[in-house]
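J.: File follows, data-v4.txt with compact mmCIF, C-alpha atoms:
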```
# COMPACT_ATOMS: atom_id res chain seq x y z
CA MET A 1332 89.78 31.81 20.73
CA ASP A 1333 89.74 33.40 17.30
CA ARG A 1334 93.49 33.39 16.82
CA PHE A 1335 93.37 29.97 15.24
CA CYS A 1336 89.75 30.00 14.16
CA THR A 1337 89.06 27.99 11.02
CA CYS A 1338 85.94 29.29 9.36
CA ALA A 1339 83.62 26.96 7.54
CA VAL A 1340 82.92 28.11 4.01
CA VAL A 1341 79.62 27.51 2.29
CA SER A 1342 80.31 24.69 -0.14
CA CYS A 1343 79.98 25.09 -3.88
CA ALA A 1344 77.23 23.16 -5.61
CA LEU A 1345 79.39 20.99 -7.79
CA ALA A 1346 77.15 17.94 -8.03
CA ALA A 1347 75.51 17.04 -11.29
CA GLY A 1348 71.77 17.38 -11.38
CA GLY A 1349 69.71 14.26 -10.97
CA VAL A 1350 67.31 12.39 -8.79
CA ALA A 1351 68.37 12.39 -5.15
CA GLU A 1352 68.58 9.03 -3.43
CA ALA A 1353 67.27 8.49 0.09
CA GLN A 1354 70.51 6.75 1.02
CA SER A 1355 74.05 7.28 -0.27
CA PRO A 1356 75.75 4.36 -2.02
CA VAL A 1357 78.87 5.25 0.02
CA SER A 1358 79.34 4.72 3.75
CA TYR A 1359 81.44 7.20 5.73
CA ASN A 1360 83.36 7.01 8.97
CA ARG A 1361 84.83 9.95 10.90
CA VAL A 1362 88.12 9.03 12.56
CA VAL A 1363 90.40 10.98 14.92
CA ARG A 1364 93.93 10.13 13.81
CA ASN A 1365 96.24 12.16 16.03
CA ILE A 1366 96.34 14.73 18.80
CA ALA A 1367 99.22 17.16 19.41
CA VAL A 1368 99.85 19.59 22.26
CA THR A 1369 102.46 22.26 21.50
CA PRO A 1370 103.55 25.59 23.00
CA ASP A 1371 101.40 28.50 21.85
CA PRO A 1372 103.52 30.60 19.42
CA THR A 1373 101.44 33.69 20.21
CA ALA A 1374 101.31 33.35 24.00
CA PRO A 1375 104.51 32.18 25.73
CA GLY A 1376 103.63 29.75 28.48
CA GLY A 1377 100.37 28.79 26.79
CA TRP A 1378 99.47 25.63 24.92
CA VAL A 1379 97.68 24.73 21.70
CA VAL A 1380 95.95 21.43 21.01
CA THR A 1381 95.81 20.30 17.37
CA GLY A 1382 93.40 17.58 16.33
CA VAL A 1383 93.99 15.60 13.13
CA PHE A 1384 91.14 13.60 11.65
CA THR A 1385 89.84 12.15 8.41
CA ILE A 1386 86.65 10.76 6.90
CA GLU A 1387 86.86 7.30 5.36
CA ALA A 1388 84.70 6.52 2.34
CA THR A 1389 83.69 2.99 1.37
CA PRO A 1390 81.41 2.09 -1.57
CA ALA A 1391 78.41 0.35 -0.03
CA ALA A 1392 76.29 -0.35 -3.10
CA VAL A 1393 76.57 -0.87 -6.83
CA LEU A 1394 75.61 2.33 -8.68
CA THR A 1395 73.20 2.24 -11.59
CA GLU A 1396 74.96 3.57 -14.66
CA GLY A 1397 73.89 7.06 -15.61
CA VAL A 1398 72.19 7.93 -12.32
CA GLY A 1399 73.28 11.32 -10.97
CA LEU A 1400 73.57 11.95 -7.25
CA PRO A 1401 74.05 15.15 -5.21
CA LEU A 1402 77.13 15.63 -3.08
CA ASP A 1403 77.12 13.79 0.23
CA ASP A 1404 77.35 16.21 3.13
CA VAL A 1405 79.81 14.84 5.69
CA SER A 1406 80.49 18.18 7.40
CA THR A 1407 82.04 17.74 10.82
CA ILE A 1408 82.54 19.68 14.05
CA MET A 1409 85.81 19.06 15.89
CA GLU A 1410 85.30 19.78 19.58
CA VAL A 1411 88.07 20.19 22.17
CA GLN A 1412 87.42 19.37 25.82
CA VAL A 1413 89.50 19.75 28.97
CA ASN A 1414 88.45 17.43 31.81
CA GLY A 1415 85.13 16.89 30.03
CA VAL A 1416 84.39 20.61 29.60
CA PRO A 1417 84.22 21.99 26.01
CA VAL A 1418 86.75 24.78 25.45
CA GLY A 1419 86.52 25.18 21.67
CA ALA A 1420 84.98 23.81 18.51
CA VAL A 1421 85.95 24.13 14.83
CA PRO A 1422 83.40 23.45 12.05
CA PHE A 1423 84.51 21.91 8.75
CA SER A 1424 82.39 22.02 5.59
CA LEU A 1425 83.03 18.68 3.87
CA GLN A 1426 81.34 17.10 0.85
CA VAL A 1427 82.03 14.04 -1.29
CA ASP A 1428 80.89 13.17 -4.80
CA PRO A 1429 79.58 9.61 -4.25
CA LEU A 1430 79.87 8.80 -7.95
CA SER A 1431 83.64 9.38 -7.77
CA VAL A 1432 84.38 6.99 -4.91
CA GLY A 1433 85.96 3.84 -6.26
CA PRO A 1434 88.36 1.05 -5.31
CA CYS A 1435 91.27 2.05 -3.13
CA GLY A 1436 94.33 2.92 -5.16
CA GLY A 1437 96.04 6.32 -5.46
CA THR A 1438 93.30 8.92 -5.87
CA CYS A 1439 90.02 7.18 -5.06
CA GLY A 1440 87.43 9.97 -4.99
CA SER A 1441 86.78 13.70 -5.06
CA GLY A 1442 85.28 16.10 -2.57
CA ILE A 1443 85.34 19.60 -1.13
CA THR A 1444 87.00 20.84 2.06
CA ASN A 1445 85.88 24.29 3.23
CA GLY A 1446 85.06 25.30 -0.34
CA MET A 1447 88.28 23.94 -1.87
CA SER A 1448 88.52 20.87 -4.09
CA ALA A 1449 90.07 17.88 -2.35
CA ALA A 1450 91.14 14.52 -3.75
CA LEU A 1451 90.44 11.51 -1.58
CA LEU A 1452 93.54 9.33 -1.22
CA CYS A 1453 94.14 5.65 -0.60
CA ILE A 1454 96.02 5.59 2.73
CA ASP A 1455 96.75 2.30 4.47
CA GLY A 1456 94.30 0.58 2.17
CA VAL A 1457 91.37 2.89 2.95
CA CYS A 1458 89.94 5.66 0.73
CA GLN A 1459 89.82 8.85 2.81
CA PHE A 1460 90.29 12.61 2.98
CA PRO A 1461 93.89 13.78 3.40
CA PRO A 1462 94.54 14.70 7.06
CA ILE A 1463 92.25 17.51 8.25
CA SER A 1464 93.39 19.58 11.21
CA ALA A 1465 92.94 22.75 13.21
CA PRO A 1466 94.77 24.20 16.25
CA VAL A 1467 92.78 25.43 19.26
CA PRO A 1468 94.40 27.48 22.08
CA LEU A 1469 93.89 25.94 25.51
CA PRO A 1470 92.87 27.83 28.66
CA SER A 1471 95.77 29.34 30.56
CA SER A 1472 94.72 27.31 33.61
CA ILE A 1473 95.64 23.97 32.03
CA GLN A 1474 97.87 21.90 34.30
CA PRO A 1475 99.77 18.60 34.08
CA GLY A 1476 97.31 15.81 34.74
CA ASP A 1477 94.42 17.48 32.91
CA GLU A 1478 92.68 15.25 30.38
CA LEU A 1479 92.44 16.69 26.87
CA MET A 1480 90.02 15.23 24.36
CA ILE A 1481 89.25 15.66 20.66
CA LEU A 1482 85.67 14.72 19.76
CA LEU A 1483 84.09 14.58 16.29
CA ARG A 1484 80.40 14.97 15.64
CA PRO A 1485 78.33 15.52 12.47
CA SER A 1486 77.36 19.09 11.66
CA PRO A 1487 73.61 19.85 11.65
CA GLY A 1488 72.10 18.32 8.50
CA ALA A 1489 75.17 16.21 7.68
CA LEU A 1490 75.16 12.45 7.31
CA PRO A 1491 75.10 10.78 10.72
CA GLU A 1492 77.92 8.75 12.23
CA ASN A 1493 77.54 4.98 12.24
CA ASN A 1494 80.75 4.12 14.12
CA THR A 1495 81.39 6.34 17.13
CA ALA A 1496 84.19 4.21 18.61
CA ASP A 1497 86.92 6.12 16.74
CA ASP A 1498 85.36 9.59 16.98
CA LEU A 1499 87.38 10.70 19.99
CA ARG A 1500 90.92 10.68 21.29
CA ARG A 1501 92.23 11.46 24.77
CA HIS A 1502 95.56 12.69 26.05
CA THR A 1503 96.68 13.35 29.62
CA HIS A 1504 98.72 16.55 29.66
CA THR A 1505 102.22 16.10 31.10
CA GLY A 1506 103.44 19.68 30.85
CA ASN A 1507 105.62 18.66 27.88
CA PRO A 1508 104.85 18.97 24.17
CA VAL A 1509 103.39 16.10 22.17
CA GLY A 1510 103.59 16.12 18.40
CA TRP A 1511 105.91 15.87 15.40
CA ASN A 1512 108.25 18.03 13.37
CA ARG A 1513 110.06 18.29 10.04
CA GLY A 1514 112.96 20.59 9.41
CA VAL A 1515 115.84 21.44 7.10
CA LYS A 1516 119.07 20.48 8.82
CA ALA A 1517 121.61 21.41 6.13
CA VAL A 1518 121.89 22.52 2.50
CA ALA A 1519 125.10 21.99 0.51
CA LEU A 1520 126.18 22.73 -3.06
CA THR A 1521 128.54 20.31 -4.79
CA PRO A 1522 129.84 20.98 -8.35
CA SER A 1523 128.14 18.48 -10.65
CA LEU A 1524 130.30 19.16 -13.74
CA PRO A 1525 134.09 19.34 -14.05
CA PRO A 1526 135.56 22.84 -14.63
CA ALA A 1527 136.09 22.22 -18.36
CA ALA A 1528 132.44 21.32 -18.89
CA THR A 1529 131.34 24.28 -16.81
CA GLU A 1530 133.43 26.63 -18.92
CA ALA A 1531 131.90 25.18 -22.12
CA ALA A 1532 128.39 25.87 -20.80
CA LEU A 1533 128.63 29.61 -21.52
CA GLY A 1534 129.52 30.47 -17.97
CA ASP A 1535 126.76 28.47 -16.25
CA ALA A 1536 127.92 26.65 -13.11
CA PHE A 1537 126.07 23.43 -12.31
CA PHE A 1538 125.69 22.10 -8.79
CA ASP A 1539 124.05 19.17 -7.06
CA ILE A 1540 122.06 20.72 -4.22
CA VAL A 1541 121.98 18.25 -1.32
CA VAL A 1542 119.33 18.76 1.36
CA ASP A 1543 119.44 16.98 4.72
CA ILE A 1544 116.05 16.90 6.41
CA GLU A 1545 115.08 15.88 9.94
CA ILE A 1546 111.80 14.18 10.82
CA GLY A 1547 110.82 13.35 14.36
CA SER A 1548 108.27 13.12 17.13
CA LEU A 1549 107.84 14.50 20.62
CA GLY A 1550 106.35 12.34 23.38
CA LEU A 1551 104.77 9.80 21.00
CA THR A 1552 105.35 6.10 20.35
CA GLU A 1553 102.80 5.65 17.55
CA SER A 1554 103.47 5.32 13.83
CA LEU A 1555 103.47 8.72 12.09
CA ARG A 1556 103.36 9.67 8.41
CA LEU A 1557 105.98 12.41 8.13
CA GLY A 1558 106.69 12.42 4.40
CA VAL A 1559 107.89 15.72 2.97
CA VAL A 1560 108.13 17.39 -0.42
CA PRO A 1561 111.05 19.84 -0.75
CA THR A 1562 110.84 22.75 -3.19
CA LEU A 1563 113.92 24.49 -4.56
CA LEU A 1564 113.77 28.26 -5.08
CA ILE A 1565 116.42 30.20 -6.99
CA ASN A 1566 116.08 33.94 -6.37
CA GLY A 1567 112.55 33.33 -5.14
CA GLN A 1568 111.44 31.38 -8.23
CA PRO A 1569 110.68 27.62 -8.20
CA SER A 1570 113.33 25.60 -10.01
CA PRO A 1571 112.14 23.09 -12.65
CA VAL A 1572 114.74 20.58 -11.43
CA PRO A 1573 112.91 17.83 -9.51
CA ALA A 1574 114.22 16.44 -6.24
CA ILE A 1575 115.51 12.87 -6.05
CA GLY A 1576 114.47 11.17 -2.82
CA CYS A 1577 111.66 9.27 -1.11
CA ASN A 1578 108.64 11.26 0.08
CA ASP A 1579 106.45 8.79 1.97
CA TRP A 1580 108.41 8.43 5.20
CA ILE A 1581 106.73 6.62 8.11
CA ALA A 1582 108.35 7.14 11.51
CA ALA A 1583 107.94 4.47 14.17
CA PRO A 1584 109.26 5.91 17.45
CA GLY A 1585 109.48 3.41 20.29
CA ASP A 1586 110.71 5.60 23.13
CA LEU A 1587 109.51 8.86 24.65
CA CYS A 1588 113.09 10.23 24.83
CA GLN A 1589 113.10 11.81 28.26
CA VAL A 1590 116.86 12.45 27.91
CA CYS A 1591 118.71 13.37 24.70
CA THR A 1592 121.60 10.91 24.80
CA LEU A 1593 121.60 9.94 21.09
CA PHE A 1594 120.48 6.37 21.78
CA GLN A 1595 118.25 4.67 19.23
CA CYS A 1596 114.56 5.26 19.89
CA GLY A 1597 112.93 3.85 16.74
CA THR A 1598 113.12 3.57 12.96
CA ALA A 1599 111.73 5.29 9.90
CA SER A 1600 111.07 3.67 6.52
CA CYS A 1601 110.27 4.75 2.97
CA GLY A 1602 110.27 2.71 -0.24
CA GLY A 1603 112.50 0.00 1.20
CA GLN A 1604 114.88 2.48 2.85
CA ASN A 1605 115.32 2.44 6.62
CA VAL A 1606 116.97 4.95 8.95
CA GLN A 1607 117.51 4.99 12.68
CA LEU A 1608 115.71 7.45 14.94
CA LEU A 1609 117.81 8.87 17.76
CA CYS A 1610 116.94 10.88 20.86
CA ARG A 1611 118.00 14.39 19.85
CA VAL A 1612 117.10 18.03 20.49
CA ILE A 1613 114.22 19.68 18.60
CA GLU A 1614 113.71 23.45 18.83
CA ASN A 1615 110.51 25.39 18.26
CA ASP A 1616 109.96 28.86 16.80
CA PHE A 1617 110.95 30.73 19.95
CA ASN A 1618 114.11 28.73 20.67
CA LEU A 1619 112.72 26.39 23.31
CA SER A 1620 114.44 23.00 23.20
CA PHE A 1621 112.75 19.63 23.60
CA CYS A 1622 113.98 16.06 23.41
CA GLY A 1623 112.50 14.14 20.48
CA CYS A 1624 112.94 10.92 18.55
CA VAL A 1625 114.56 12.16 15.33
CA GLY A 1626 115.90 10.72 12.08
CA GLU A 1627 117.44 12.14 8.91
CA GLN A 1628 116.65 11.77 5.23
CA GLN A 1629 118.26 13.28 2.16
CA PHE A 1630 117.12 14.79 -1.13
CA VAL A 1631 119.25 15.85 -4.09
CA PHE A 1632 118.43 18.41 -6.78
CA PRO A 1633 120.90 17.35 -9.51
CA GLY A 1634 122.63 19.60 -12.03
CA VAL A 1635 121.10 22.93 -10.98
CA PRO A 1636 122.54 26.02 -12.74
CA VAL A 1637 123.61 28.50 -10.07
CA GLN A 1638 125.45 31.79 -10.54
CA PRO A 1639 127.37 33.87 -8.00
CA ALA A 1640 125.02 35.98 -5.86
CA ASP A 1641 122.04 33.70 -6.61
CA GLU A 1642 119.88 33.06 -3.55
CA VAL A 1643 119.22 29.36 -3.02
CA MET A 1644 116.38 28.38 -0.71
CA ILE A 1645 114.66 25.12 0.23
CA LEU A 1646 111.03 25.04 1.35
CA LEU A 1647 109.35 22.02 2.92
CA ARG A 1648 105.70 21.00 2.80
CA PRO A 1649 103.99 17.80 3.95
CA ALA A 1650 103.68 15.07 1.33
CA PRO A 1651 100.13 14.13 0.23
CA GLY A 1652 98.55 12.12 3.03
CA ALA A 1653 101.22 13.09 5.58
CA LEU A 1654 100.56 14.81 8.89
CA PRO A 1655 100.21 18.61 8.75
CA GLU A 1656 102.60 21.14 10.18
CA LEU A 1657 102.11 22.11 13.82
CA PRO A 1658 101.92 25.68 15.15
CA GLY A 1659 105.17 26.84 16.68
CA PHE A 1660 107.42 24.48 14.67
CA GLY A 1661 107.65 26.23 11.31
CA ASP A 1662 110.94 28.14 11.53
CA ASP A 1663 112.99 25.14 10.40
CA ASP A 1664 110.87 24.47 7.31
CA THR A 1665 113.17 26.64 5.18
CA GLY A 1666 116.90 26.35 4.60
CA ARG A 1667 119.79 27.96 2.72
CA PRO A 1668 123.35 26.87 1.97
CA PRO A 1669 126.11 28.40 4.10
CA THR A 1670 127.35 31.79 2.97
CA GLY A 1671 130.88 32.39 1.79
CA CYS A 1672 133.02 29.97 -0.14
CA ALA A 1673 133.67 27.33 2.48
CA ALA A 1674 131.70 24.84 0.38
CA CYS A 1675 133.88 25.50 -2.70
CA PRO A 1676 137.52 24.59 -2.00
CA GLY A 1677 139.69 25.93 -4.81
CA ASP A 1678 137.55 29.00 -5.55
CA LEU A 1679 140.50 31.40 -5.44
CA ASN A 1680 138.91 34.42 -7.11
CA GLY A 1681 135.75 34.33 -5.01
CA ASP A 1682 133.21 34.06 -7.85
CA GLY A 1683 131.46 31.07 -6.29
CA VAL A 1684 132.76 28.61 -8.94
CA VAL A 1685 135.87 26.48 -9.19
CA ASN A 1686 136.74 26.97 -12.88
CA GLY A 1687 139.26 28.35 -15.34
CA GLY A 1688 139.15 31.74 -13.66
CA ASP A 1689 140.92 30.25 -10.66
CA ILE A 1690 143.65 28.83 -12.92
CA SER A 1691 144.06 32.28 -14.50
CA PHE A 1692 144.32 33.77 -11.03
CA ILE A 1693 147.23 31.43 -10.23
CA LEU A 1694 148.97 32.08 -13.57
CA ASN A 1695 148.71 35.84 -13.13
CA ILE A 1696 150.59 35.72 -9.85
CA PHE A 1697 152.91 32.86 -10.77
CA ASN A 1698 156.59 33.70 -10.00
CA GLN A 1699 155.51 37.03 -8.51
CA VAL A 1700 157.91 38.16 -5.77
CA CYS A 1701 156.19 39.58 -2.69
CA PHE A 1702 158.28 42.01 -0.59
CA PRO A 1703 157.42 42.63 3.03
CA GLN A 1704 155.65 45.93 3.67
```
Could you render the structure as structure tokens?
T.:
Amino acid sequence: MDRFCTCAVVSCALAAGGVAEAQSPVSYNRVVRNIAVTPDPTAPGGWVVTGVFTIEATPAAVLTEGVGLPLDDVSTIMEVQVNGVPVGAVPFSLQVDPLSVGPCGGTCGSGITNGMSAALLCIDGVCQFPPISAPVPLPSSIQPGDELMILLRPSPGALPENNTADDLRRHTHTGNPVGWNRGVKAVALTPSLPPAATEAALGDAFFDIVVDIEIGSLGLTESLRLGVVPTLLINGQPSPVPAIGCNDWIAAPGDLCQVCTLFQCGTASCGGQNVQLLCRVIENDFNLSFCGCVGEQQFVFPGVPVQPADEVMILLRPAPGALPELPGFGDDDTGRPPTGCAACPGDLNGDGVVNGGDISFILNIFNQVCFPQ
């Protein structure tokens, strides 16, 4: 069980000193958001259940100006059950500064998650922790038809739960994975300056780096936040060039996609943009294929200076407030452009750039007579 164990860390005492109140001016609600069941990347044939939850924070009273309060302890235990029998539990040390919780809008409060600072975010009109998750390996005896359940309960000494209706989530195992995935589909380099401008830039070659990204779900028909933030690395170092593209993608699959026939299974939206989701193949880390409801989005890093032999790499991470990555689906979170010069028609001298050097190459062999060997 300790392969995916998440250890609770003793929280730091960050609260300002003051007189403790008998009751917090903020009300809290623990909510199970999602449940995923994916193949175990460390045990072929096994399964891992990942629970995703949050804690909502709502100001319940008007604070007296200048009154200091200790951190509210909302530590939580996420328990996993199979057919009503507990098979694992993960403790989370969670605290919130009640004085920081304000109206919903962007960042709406501050807290601590397992000893690390965490900003509360306004998601769907509610101030809450960003998604909190942990994977738990399931017993090898799990079979299709078994009922899996994620259950939240307050840790000893933490604030109690006032609304237990959304503290659990059930899923009947089908023998197929249930979850979501993001991945880099393709990376391409397109010259962003004409050859003359490139030559005038002291040899620098400038490219628009275009990244096609897939987002999708497996066996789900619920709305999913699958926003992504791509990072560009040149020779292992982050590039200062920001990506152009929308990050807050919400996928709305409407079909379980039993067969991958490329028919439309839902839509995804972000900032007024809409894309179709199609039933397509998703692969996991050990090359098992599954049929998912998948759509594509695109980001562009404009005008990036790239030299021959530079290594270009794209890394993906979930956008703030988006669902976390799932175990066993991380291999496609990195991407590189194709090797060779196929992406640079006209690069005759093989230096990775279409520029004056290619014209010189032609002039040097112009009118040359080639005799058969």
J.: Please return as a ChimeraX atom specification every residue within 12 Å of (107.5, 8.1, 22.1), taking into account all atoms listed in the file and the file's own coordinates.
T.: /A:1508-1511,1547-1555,1582-1590,1595-1598,1608-1610,1622-1625
J.: Would you mind reading off the distance between CA of Leu1563 in chain A and CA of Ile1645 in chain A, one decimal, in Å?
T.: 4.9 Å
J.: Quick one, how far is CA of Phe1423 in chain A from CA of Gly1506 in chain A?
T.: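 CA of Phe1423 in chain A sits 29.2 Å away from CA of Gly1506 in chain A.
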J.: Would you please work out which residue, of A:Ile1546, A:Ala1599, A:Ala1517, A:Leu1619, is nearest to Arg1667 in chain A when using all atoms listed in the file?
T.: A:Ala1517
J.: One decimal, Å: what's the distance from CA of Trp1580 in chain A over to CA of Trp1378 in chain A, could you say?
T.: 27.7 Å
J.: Of the candidates A:Gly1415, A:Pro1470, A:Pro1390, A:Pro1633, which shows the shortest atom-to-atom distance to Gly1440 in chain A, using all atoms listed in the file?
T.: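 Checking each of A:Gly1415, A:Pro1470, A:Pro1390, A:Pro1633 against Gly1440 in chain A, counting all atoms listed in the file, the winner is A:Pro1390.
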